[in-house]
Amino acid sequence: MREVDIFIIGAGPAGSIAGAKLVQDGFSVKIVDKSTFPRFVIGESLLPRCNELLENANMLEPIVNARFELKPGAVFQDQGHNYIALDFSKNLGQKWGSSFQVKREEFDKLLIDDAESKGVDVEYEVSVVAYDEINNIIVVENKDGSQVKYKAKKVLDASGYGRVLPSLLNLETDSSLAIRRATFARVDSDERPSGDTNGYIFIDVVGDNEAWIWNIPFSDATTSVGIVCTEEYFSGFKMSDEEFWNHIIYSNKNSAKRYKNSNRIVEVGSISGYSAAVTKLFDKNYILTGNASEFLDPVFSSGVTLALESGAKAAELTARELSGEEIDYQVEYADYMMLGINVFRDYVNAWYDGSLQTILFSDKKNEEITKKVISILSGYVWDKNNSFVTSSRLALKTTYEILSKVS
Ligand SMILES: Cc1cc2nc3c(=O)[nH]c(=O)nc-3n(C[C@H](O)[C@H](O)[C@H](O)COP(=O)(O)OP(=O)(O)OC[C@H]3O[C@@H](n4cnc5c(N)ncnc54)[C@H](O)[C@@H]3O)c2cc1C
């Protein structure tokens, strides 16, 4: 049996930031990942809050040096006249007013390499297959089928869509969100909007809010293009992923124009039923982070932000506990994480019921409201000075009611 202070399952953003912070605090950290890196994962558009979290963990430098496409904001538009460009720098005074559009195979590799260079022991092609929660013993399986046991003082699950501890410990529960699917590809030679919205993510509403399209420009002149809709909407077309992707992209006025000279450079991929939740986020010996805990929806690009936030928070609390402090994980971890997750949840729900579009597209809202919304969509969902954070559902409802009357 091998021993380590902290054992982390998964080398994505949640695992990397947690590991890097903990070794910098003087603990021994082992991270295993079942894949080899670089590996593809969906989720390519970051929020300004990510920069702050990486900066606090001393991990921003390699990301800045990689010259990813700068992401200064987000555009939301429909096929009519509705259009809004949100400039992330016009927030409520937070330091970071931009982030990056990243190919995750590159971004995630930079982060885990950085964590390794700081002293994390990283092993690839090693899967966690069993967990003894009482004794905090993890069983891993190597590629050749051999197994090794680790005893840790704390286990962090950062296994993303693998959801290792939720499935081993039976912690899965239904998400409050509808089952949706994403159908996506990458293209070259798109006709990008220039000027003020250079580098922005573009979100196109399809039809009467039946689906939406993401357009994420990368610095190598390729672009990620994905469609999100319910399973019912997709199956109504009776098409393959590729046929559906082509049909939606080239029948939408905005994307048809943008991609008229483009070639698809990868196979069309899809992922379905990705919204997930758990019955608890921690217990005495483990903490769930990132997508291994709760994942909402891609519409506001919140996934990596929540992965970094939870990884960093889990690391901070673990370091304090192992240094002798008594930690109230319910208050300091679960309640804290759920505050931010629930703000995003309210925005996701308001997006799909259409009320957020009314707010976003209204030219009657004042500058203060716009700043509060920008701040939230930049990932500052823990800012208690923002009334749209502290009472997000009420603020959305009231703003919608006022604006729909005056519009
Ligand atoms: C359609 C779609 C679009 C999205 N778009 C965005 C976006 O634009 N911006 C954004 O921020 N987020 C987006 N997301 C969310 C984003 O994909 C995730 O939130 C993010 O990848 C979570 O990071 P993580 O570190 O928790 O897990 P991951 O990045 O998934 O990493 C988990 C790692 O754990 C490893 N692992 C799994 N099982 C095991 C095991 N048994 N043993 C060992 N290792 C294991 C995996 O190999 C993987 O490398 C999107 C999600 C979807 C579904």
# chains A, B, ... in the order shown; residues from 1 in each chain; ligands from 1

$ closest_atom_pairs --of "chain A" --to "ligand 1" --cutoff "6 Å" --atoms "only C-alpha atoms and all ligand atoms" --output "Markdown table"
| residue | atom | partner | partner_atom_place_in_ligand_line | distance |
| --- | --- | --- | --- | --- |
| A:Ile9 | CA | ligand 1 | 43 (C) | 5.2 |
| A:Gly10 | CA | ligand 1 | 34 (O) | 3.3 |
| A:Ala11 | CA | ligand 1 | 33 (C) | 5.0 |
| A:Gly12 | CA | ligand 1 | 31 (O) | 3.6 |
| A:Pro13 | CA | ligand 1 | 25 (O) | 4.0 |
| A:Ala14 | CA | ligand 1 | 25 (O) | 3.8 |
| A:Gly15 | CA | ligand 1 | 25 (O) | 5.8 |
| A:Val32 | CA | ligand 1 | 43 (C) | 5.3 |
| A:Asp33 | CA | ligand 1 | 44 (N) | 3.5 |
| A:Lys34 | CA | ligand 1 | 44 (N) | 4.1 |
| A:Ser35 | CA | ligand 1 | 47 (O) | 4.6 |
| A:Ile42 | CA | ligand 1 | 17 (O) | 4.7 |
| A:Gly43 | CA | ligand 1 | 6 (C) | 3.0 |
| A:Glu44 | CA | ligand 1 | 8 (O) | 4.3 |
| A:Ser45 | CA | ligand 1 | 8 (O) | 3.8 |
| A:Leu46 | CA | ligand 1 | 11 (O) | 4.9 |
| A:Val126 | CA | ligand 1 | 43 (C) | 5.9 |
| A:Ser127 | CA | ligand 1 | 42 (N) | 3.4 |
| A:Val128 | CA | ligand 1 | 42 (N) | 4.0 |
| A:Ala158 | CA | ligand 1 | 26 (O) | 5.3 |
| A:Ser159 | CA | ligand 1 | 34 (O) | 3.4 |
| A:Gly160 | CA | ligand 1 | 27 (O) | 3.3 |
| A:Tyr161 | CA | ligand 1 | 30 (O) | 5.2 |
| A:Gly162 | CA | ligand 1 | 38 (N) | 3.7 |
| A:Val164 | CA | ligand 1 | 41 (N) | 5.5 |
| A:Ala182 | CA | ligand 1 | 1 (C) | 4.8 |
| A:Tyr274 | CA | ligand 1 | 53 (C) | 5.4 |
| A:Gly290 | CA | ligand 1 | 26 (O) | 3.4 |
| A:Asn291 | CA | ligand 1 | 26 (O) | 3.9 |
| A:Ala292 | CA | ligand 1 | 26 (O) | 5.9 |
| A:Pro298 | CA | ligand 1 | 4 (C) | 4.4 |
| A:Ser301 | CA | ligand 1 | 9 (N) | 3.6 |
| A:Ser302 | CA | ligand 1 | 11 (O) | 4.6 |
| A:Gly303 | CA | ligand 1 | 19 (O) | 3.1 |
| A:Val304 | CA | ligand 1 | 11 (O) | 3.5 |
| A:Thr305 | CA | ligand 1 | 11 (O) | 5.6 |
| A:Ala307 | CA | ligand 1 | 26 (O) | 4.8 |

$ write_last_selection --atoms "N, CA, C and O atoms" --output "CSV table (one decimal), in the first residue's frame"
chain,number,residue,atom,x,y,z
A,9,ILE,N,-8.4,12.3,-8.2
A,9,ILE,CA,-8.8,11.5,-9.3
A,9,ILE,C,-9.1,12.4,-10.5
A,9,ILE,O,-10.1,13.2,-10.4
A,10,GLY,N,-8.3,12.4,-11.5
A,10,GLY,CA,-8.6,13.2,-12.7
A,10,GLY,C,-7.6,14.4,-12.8
A,10,GLY,O,-7.4,15.2,-11.9
A,11,ALA,N,-7.1,14.6,-14.0
A,11,ALA,CA,-6.1,15.7,-14.3
A,11,ALA,C,-6.7,16.8,-15.1
A,11,ALA,O,-5.9,17.5,-15.8
A,12,GLY,N,-8.0,17.0,-15.1
A,12,GLY,CA,-8.6,18.2,-15.7
A,12,GLY,C,-8.3,19.5,-14.9
A,12,GLY,O,-7.5,19.4,-13.9
A,13,PRO,N,-9.0,20.6,-15.2
A,13,PRO,CA,-8.8,21.8,-14.5
A,13,PRO,C,-9.0,21.7,-13.0
A,13,PRO,O,-8.2,22.3,-12.3
A,14,ALA,N,-10.0,21.0,-12.6
A,14,ALA,CA,-10.3,20.9,-11.1
A,14,ALA,C,-9.2,20.2,-10.4
A,14,ALA,O,-8.7,20.7,-9.4
A,15,GLY,N,-8.7,19.1,-11.0
A,15,GLY,CA,-7.6,18.3,-10.4
A,15,GLY,C,-6.3,19.1,-10.4
A,15,GLY,O,-5.6,19.1,-9.4
A,32,VAL,N,-4.0,10.8,-10.6
A,32,VAL,CA,-4.1,9.8,-11.7
A,32,VAL,C,-5.2,10.2,-12.7
A,32,VAL,O,-6.2,10.8,-12.3
A,33,ASP,N,-4.9,9.9,-13.9
A,33,ASP,CA,-5.9,10.1,-15.0
A,33,ASP,C,-6.0,8.9,-15.9
A,33,ASP,O,-5.0,8.3,-16.2
A,34,LYS,N,-7.2,8.5,-16.2
A,34,LYS,CA,-7.3,7.3,-17.0
A,34,LYS,C,-6.9,7.5,-18.5
A,34,LYS,O,-6.6,6.6,-19.2
A,35,SER,N,-6.8,8.8,-18.9
A,35,SER,CA,-6.4,9.1,-20.3
A,35,SER,C,-4.9,9.4,-20.4
A,35,SER,O,-4.3,9.5,-19.4
A,42,ILE,N,-14.8,18.6,-24.2
A,42,ILE,CA,-15.6,19.8,-24.7
A,42,ILE,C,-15.6,20.9,-23.6
A,42,ILE,O,-15.4,20.6,-22.4
A,43,GLY,N,-15.7,22.2,-24.0
A,43,GLY,CA,-15.8,23.2,-23.0
A,43,GLY,C,-14.7,24.2,-23.2
A,43,GLY,O,-13.8,24.3,-22.4
A,44,GLU,N,-14.8,25.0,-24.3
A,44,GLU,CA,-13.6,25.8,-24.7
A,44,GLU,C,-13.6,27.3,-24.5
A,44,GLU,O,-12.6,28.0,-24.8
A,45,SER,N,-14.6,27.8,-23.8
A,45,SER,CA,-14.7,29.2,-23.7
A,45,SER,C,-14.7,29.5,-22.2
A,45,SER,O,-15.5,29.0,-21.4
A,46,LEU,N,-13.7,30.3,-21.8
A,46,LEU,CA,-13.5,30.6,-20.3
A,46,LEU,C,-14.1,31.9,-19.9
A,46,LEU,O,-14.4,32.8,-20.7
A,126,VAL,N,-4.1,5.5,-15.8
A,126,VAL,CA,-4.3,4.8,-14.6
A,126,VAL,C,-5.8,5.2,-14.1
A,126,VAL,O,-6.1,6.3,-14.0
A,127,SER,N,-6.6,4.1,-13.9
A,127,SER,CA,-8.0,4.4,-13.6
A,127,SER,C,-8.3,4.1,-12.1
A,127,SER,O,-7.9,3.0,-11.7
A,128,VAL,N,-9.1,4.9,-11.5
A,128,VAL,CA,-9.6,4.5,-10.2
A,128,VAL,C,-10.7,3.6,-10.4
A,128,VAL,O,-11.7,3.9,-11.1
A,158,ALA,N,-11.9,14.7,-9.0
A,158,ALA,CA,-12.0,15.7,-10.0
A,158,ALA,C,-12.1,14.9,-11.4
A,158,ALA,O,-11.5,15.3,-12.3
A,159,SER,N,-12.9,13.9,-11.3
A,159,SER,CA,-13.0,13.0,-12.5
A,159,SER,C,-14.0,13.4,-13.6
A,159,SER,O,-14.2,12.7,-14.5
A,160,GLY,N,-14.5,14.6,-13.5
A,160,GLY,CA,-15.4,15.2,-14.5
A,160,GLY,C,-16.5,14.3,-14.9
A,160,GLY,O,-17.2,13.8,-14.0
A,161,TYR,N,-16.7,14.1,-16.2
A,161,TYR,CA,-17.8,13.2,-16.7
A,161,TYR,C,-17.6,11.8,-16.2
A,161,TYR,O,-18.6,11.0,-16.3
A,162,GLY,N,-16.4,11.4,-15.8
A,162,GLY,CA,-16.2,10.0,-15.2
A,162,GLY,C,-17.0,9.8,-14.0
A,162,GLY,O,-17.4,8.7,-13.6
A,164,VAL,N,-16.5,9.5,-10.8
A,164,VAL,CA,-16.0,8.2,-10.1
A,164,VAL,C,-16.7,8.0,-8.8
A,164,VAL,O,-17.3,7.0,-8.5
A,182,ALA,N,-25.6,18.2,-27.0
A,182,ALA,CA,-24.8,19.2,-27.8
A,182,ALA,C,-24.2,18.4,-29.0
A,182,ALA,O,-23.8,17.2,-28.9
A,274,TYR,N,-25.8,15.6,-20.1
A,274,TYR,CA,-24.6,15.9,-19.4
A,274,TYR,C,-24.9,16.7,-18.1
A,274,TYR,O,-24.0,16.7,-17.2
A,290,GLY,N,-15.6,20.1,-9.4
A,290,GLY,CA,-15.8,20.2,-10.9
A,290,GLY,C,-17.0,19.4,-11.3
A,290,GLY,O,-18.0,19.3,-10.6
A,291,ASN,N,-16.9,18.9,-12.5
A,291,ASN,CA,-18.0,18.1,-13.1
A,291,ASN,C,-18.3,16.8,-12.3
A,291,ASN,O,-19.3,16.2,-12.6
A,292,ALA,N,-17.4,16.4,-11.5
A,292,ALA,CA,-17.7,15.2,-10.7
A,292,ALA,C,-18.8,15.6,-9.6
A,292,ALA,O,-19.3,14.7,-8.9
A,298,PRO,N,-24.1,24.3,-20.7
A,298,PRO,CA,-23.0,25.0,-21.3
A,298,PRO,C,-23.3,26.5,-21.7
A,298,PRO,O,-22.3,27.2,-22.0
A,301,SER,N,-20.9,29.1,-20.4
A,301,SER,CA,-19.5,28.8,-20.3
A,301,SER,C,-19.0,28.7,-18.8
A,301,SER,O,-17.9,29.2,-18.5
A,302,SER,N,-19.9,28.2,-17.9
A,302,SER,CA,-19.5,28.3,-16.5
A,302,SER,C,-18.7,27.0,-16.0
A,302,SER,O,-18.2,27.1,-14.9
A,303,GLY,N,-18.6,26.0,-16.8
A,303,GLY,CA,-18.1,24.7,-16.4
A,303,GLY,C,-16.6,24.8,-15.8
A,303,GLY,O,-16.4,24.3,-14.7
A,304,VAL,N,-15.7,25.4,-16.6
A,304,VAL,CA,-14.3,25.4,-16.2
A,304,VAL,C,-14.2,26.3,-15.0
A,304,VAL,O,-13.4,26.1,-14.0
A,305,THR,N,-15.0,27.4,-15.0
A,305,THR,CA,-14.9,28.3,-13.8
A,305,THR,C,-15.3,27.6,-12.6
A,305,THR,O,-14.6,27.7,-11.5
A,307,ALA,N,-15.2,24.4,-12.1
A,307,ALA,CA,-14.2,23.4,-11.8
A,307,ALA,C,-13.0,24.0,-11.1
A,307,ALA,O,-12.5,23.4,-10.1

$ select_by_dssp --residues "segment 248-347 of chain A" --states "alpha helix (DSSP H)" --output "PyMOL selection string"
chain A and resi 248-251+253-258+303-322+329+336-347

$ closest_residue --among "A:Thr289, A:Thr183, A:Ser28, A:Gln94" --to "Asn386 of chain A" --atoms "only C-alpha atoms"
A:Gln94

$ atom_distance --atom1 "atom CA of Ala276 of chain A" --atom2 "atom CA of Glu309 of chain A"
17.7 Å

$ select_by_dssp --residues "segment 76-220 of chain A" --states "strand (DSSP E or B)" --output "MDAnalysis selection string"
chainID A and resid 76:77 83:87 99:101 121:124 127:132 137:141 147:157 172:173 180:187 201:206 211:217

$ closest_residue --among "A:Val129, A:Ile6, A:Leu377, A:Ile17" --to "Gly145 of chain A" --atoms "only C-alpha atoms"
A:Val129

$ atom_distance --atom1 "atom CA of Gly324 of chain A" --atom2 "atom CA of Glu133 of chain A"
21.2 Å

$ residues_around --residues "Pro166 of chain A" --least-positions-apart "2" --cutoff "12 Å" --atoms "only C-alpha atoms" --output "PyMOL selection string"
chain A and resi 130-131+156-164+168-174+276-283+286-289+291-294

$ write_last_selection --atoms "N, CA and C atoms" --output "mmCIF file, in the first residue's frame"
data_model
loop_
_atom_site.group_PDB
_atom_site.id
_atom_site.type_symbol
_atom_site.label_atom_id
_atom_site.label_comp_id
_atom_site.auth_asym_id
_atom_site.auth_seq_id
_atom_site.Cartn_x
_atom_site.Cartn_y
_atom_site.Cartn_z
ATOM 1 N N ALA A 130 -11.920 1.425 -7.464
ATOM 2 C CA ALA A 130 -12.636 1.132 -6.210
ATOM 3 C C ALA A 130 -12.196 2.117 -5.137
ATOM 4 N N TYR A 131 -13.061 2.298 -4.135
ATOM 5 C CA TYR A 131 -12.760 3.246 -3.064
ATOM 6 C C TYR A 131 -13.359 2.742 -1.761
ATOM 7 N N LEU A 156 -9.722 13.844 -3.337
ATOM 8 C CA LEU A 156 -10.512 14.803 -4.100
ATOM 9 C C LEU A 156 -10.925 14.132 -5.398
ATOM 10 N N ASP A 157 -12.221 14.122 -5.659
ATOM 11 C CA ASP A 157 -12.691 13.565 -6.931
ATOM 12 C C ASP A 157 -12.812 14.699 -7.932
ATOM 13 N N ALA A 158 -11.942 14.678 -8.953
ATOM 14 C CA ALA A 158 -11.977 15.679 -10.022
ATOM 15 C C ALA A 158 -12.113 14.948 -11.351
ATOM 16 N N SER A 159 -12.926 13.874 -11.336
ATOM 17 C CA SER A 159 -12.982 12.977 -12.505
ATOM 18 C C SER A 159 -13.963 13.427 -13.574
ATOM 19 N N GLY A 160 -14.517 14.632 -13.458
ATOM 20 C CA GLY A 160 -15.352 15.188 -14.521
ATOM 21 C C GLY A 160 -16.507 14.280 -14.883
ATOM 22 N N TYR A 161 -16.668 14.056 -16.211
ATOM 23 C CA TYR A 161 -17.778 13.220 -16.677
ATOM 24 C C TYR A 161 -17.622 11.763 -16.227
ATOM 25 N N GLY A 162 -16.426 11.379 -15.770
ATOM 26 C CA GLY A 162 -16.215 10.029 -15.228
ATOM 27 C C GLY A 162 -17.015 9.803 -13.951
ATOM 28 N N ARG A 163 -17.219 10.886 -13.163
ATOM 29 C CA ARG A 163 -18.055 10.859 -11.952
ATOM 30 C C ARG A 163 -17.771 9.618 -11.100
ATOM 31 N N VAL A 164 -16.479 9.475 -10.770
ATOM 32 C CA VAL A 164 -16.032 8.228 -10.138
ATOM 33 C C VAL A 164 -16.684 7.999 -8.764
ATOM 34 N N LEU A 168 -19.366 5.228 -7.544
ATOM 35 C CA LEU A 168 -18.930 4.183 -6.604
ATOM 36 C C LEU A 168 -19.681 4.278 -5.270
ATOM 37 N N LEU A 169 -20.031 5.498 -4.858
ATOM 38 C CA LEU A 169 -20.675 5.674 -3.545
ATOM 39 C C LEU A 169 -22.184 5.907 -3.658
ATOM 40 N N ASN A 170 -22.678 5.776 -4.892
ATOM 41 C CA ASN A 170 -24.125 5.911 -5.101
ATOM 42 C C ASN A 170 -24.654 7.303 -4.682
ATOM 43 N N LEU A 171 -23.956 8.322 -5.148
ATOM 44 C CA LEU A 171 -24.333 9.696 -4.778
ATOM 45 C C LEU A 171 -25.075 10.419 -5.898
ATOM 46 N N GLU A 172 -25.282 9.726 -7.031
ATOM 47 C CA GLU A 172 -25.919 10.386 -8.185
ATOM 48 C C GLU A 172 -27.370 10.732 -7.883
ATOM 49 N N THR A 173 -27.779 11.910 -8.338
ATOM 50 C CA THR A 173 -29.197 12.244 -8.267
ATOM 51 C C THR A 173 -29.553 13.026 -9.534
ATOM 52 N N ASP A 174 -30.860 13.130 -9.822
ATOM 53 C CA ASP A 174 -31.239 13.792 -11.075
ATOM 54 C C ASP A 174 -30.924 15.279 -11.031
ATOM 55 N N ALA A 276 -25.844 17.063 -14.435
ATOM 56 C CA ALA A 276 -25.770 16.024 -13.407
ATOM 57 C C ALA A 276 -25.706 16.665 -12.028
ATOM 58 N N ALA A 277 -26.126 15.909 -11.030
ATOM 59 C CA ALA A 277 -26.090 16.425 -9.660
ATOM 60 C C ALA A 277 -25.774 15.286 -8.697
ATOM 61 N N VAL A 278 -25.464 15.645 -7.457
ATOM 62 C CA VAL A 278 -25.122 14.646 -6.435
ATOM 63 C C VAL A 278 -25.896 14.923 -5.144
ATOM 64 N N THR A 279 -26.011 13.897 -4.304
ATOM 65 C CA THR A 279 -26.738 14.081 -3.048
ATOM 66 C C THR A 279 -25.890 14.804 -2.007
ATOM 67 N N LYS A 280 -24.560 14.698 -2.100
ATOM 68 C CA LYS A 280 -23.704 15.491 -1.200
ATOM 69 C C LYS A 280 -22.363 15.778 -1.878
ATOM 70 N N LEU A 281 -21.727 16.854 -1.427
ATOM 71 C CA LEU A 281 -20.495 17.306 -2.080
ATOM 72 C C LEU A 281 -19.231 16.885 -1.332
ATOM 73 N N PHE A 282 -19.395 16.370 -0.125
ATOM 74 C CA PHE A 282 -18.204 16.007 0.669
ATOM 75 C C PHE A 282 -18.616 15.011 1.748
ATOM 76 N N ASP A 283 -17.646 14.354 2.306
ATOM 77 C CA ASP A 283 -17.820 13.645 3.567
ATOM 78 C C ASP A 283 -16.479 13.731 4.283
ATOM 79 N N TYR A 286 -13.563 12.655 1.765
ATOM 80 C CA TYR A 286 -13.479 13.038 0.349
ATOM 81 C C TYR A 286 -14.234 14.336 0.069
ATOM 82 N N ILE A 287 -13.869 14.947 -1.064
ATOM 83 C CA ILE A 287 -14.582 16.135 -1.561
ATOM 84 C C ILE A 287 -14.795 15.944 -3.063
ATOM 85 N N LEU A 288 -15.980 16.260 -3.540
ATOM 86 C CA LEU A 288 -16.248 16.212 -4.987
ATOM 87 C C LEU A 288 -16.044 17.607 -5.565
ATOM 88 N N THR A 289 -15.348 17.690 -6.697
ATOM 89 C CA THR A 289 -15.082 18.990 -7.323
ATOM 90 C C THR A 289 -15.484 18.943 -8.799
ATOM 91 N N ASN A 291 -16.880 18.864 -12.498
ATOM 92 C CA ASN A 291 -18.000 18.120 -13.066
ATOM 93 C C ASN A 291 -18.315 16.828 -12.331
ATOM 94 N N ALA A 292 -17.428 16.397 -11.457
ATOM 95 C CA ALA A 292 -17.740 15.207 -10.654
ATOM 96 C C ALA A 292 -18.774 15.553 -9.588
ATOM 97 N N SER A 293 -19.048 16.858 -9.410
ATOM 98 C CA SER A 293 -20.093 17.244 -8.455
ATOM 99 C C SER A 293 -21.358 17.566 -9.235
ATOM 100 N N GLU A 294 -21.542 18.837 -9.573
ATOM 101 C CA GLU A 294 -22.771 19.198 -10.305
ATOM 102 C C GLU A 294 -22.373 19.875 -11.600
#

$ closest_residue --among "A:Phe88, A:Phe218, A:Phe234, A:Phe107" --to "Ser16 of chain A" --atoms "only C-alpha atoms"
A:Phe107

$ atom_distance --atom1 "atom CA of Leu322 of chain A" --atom2 "atom CA of Met338 of chain A"
23.8 Å

$ residues_around --residues "Glu116 of chain A" --least-positions-apart "5" --cutoff "8 Å" --atoms "only C-alpha atoms" --output "ChimeraX atom specification"
/A:20,121-122
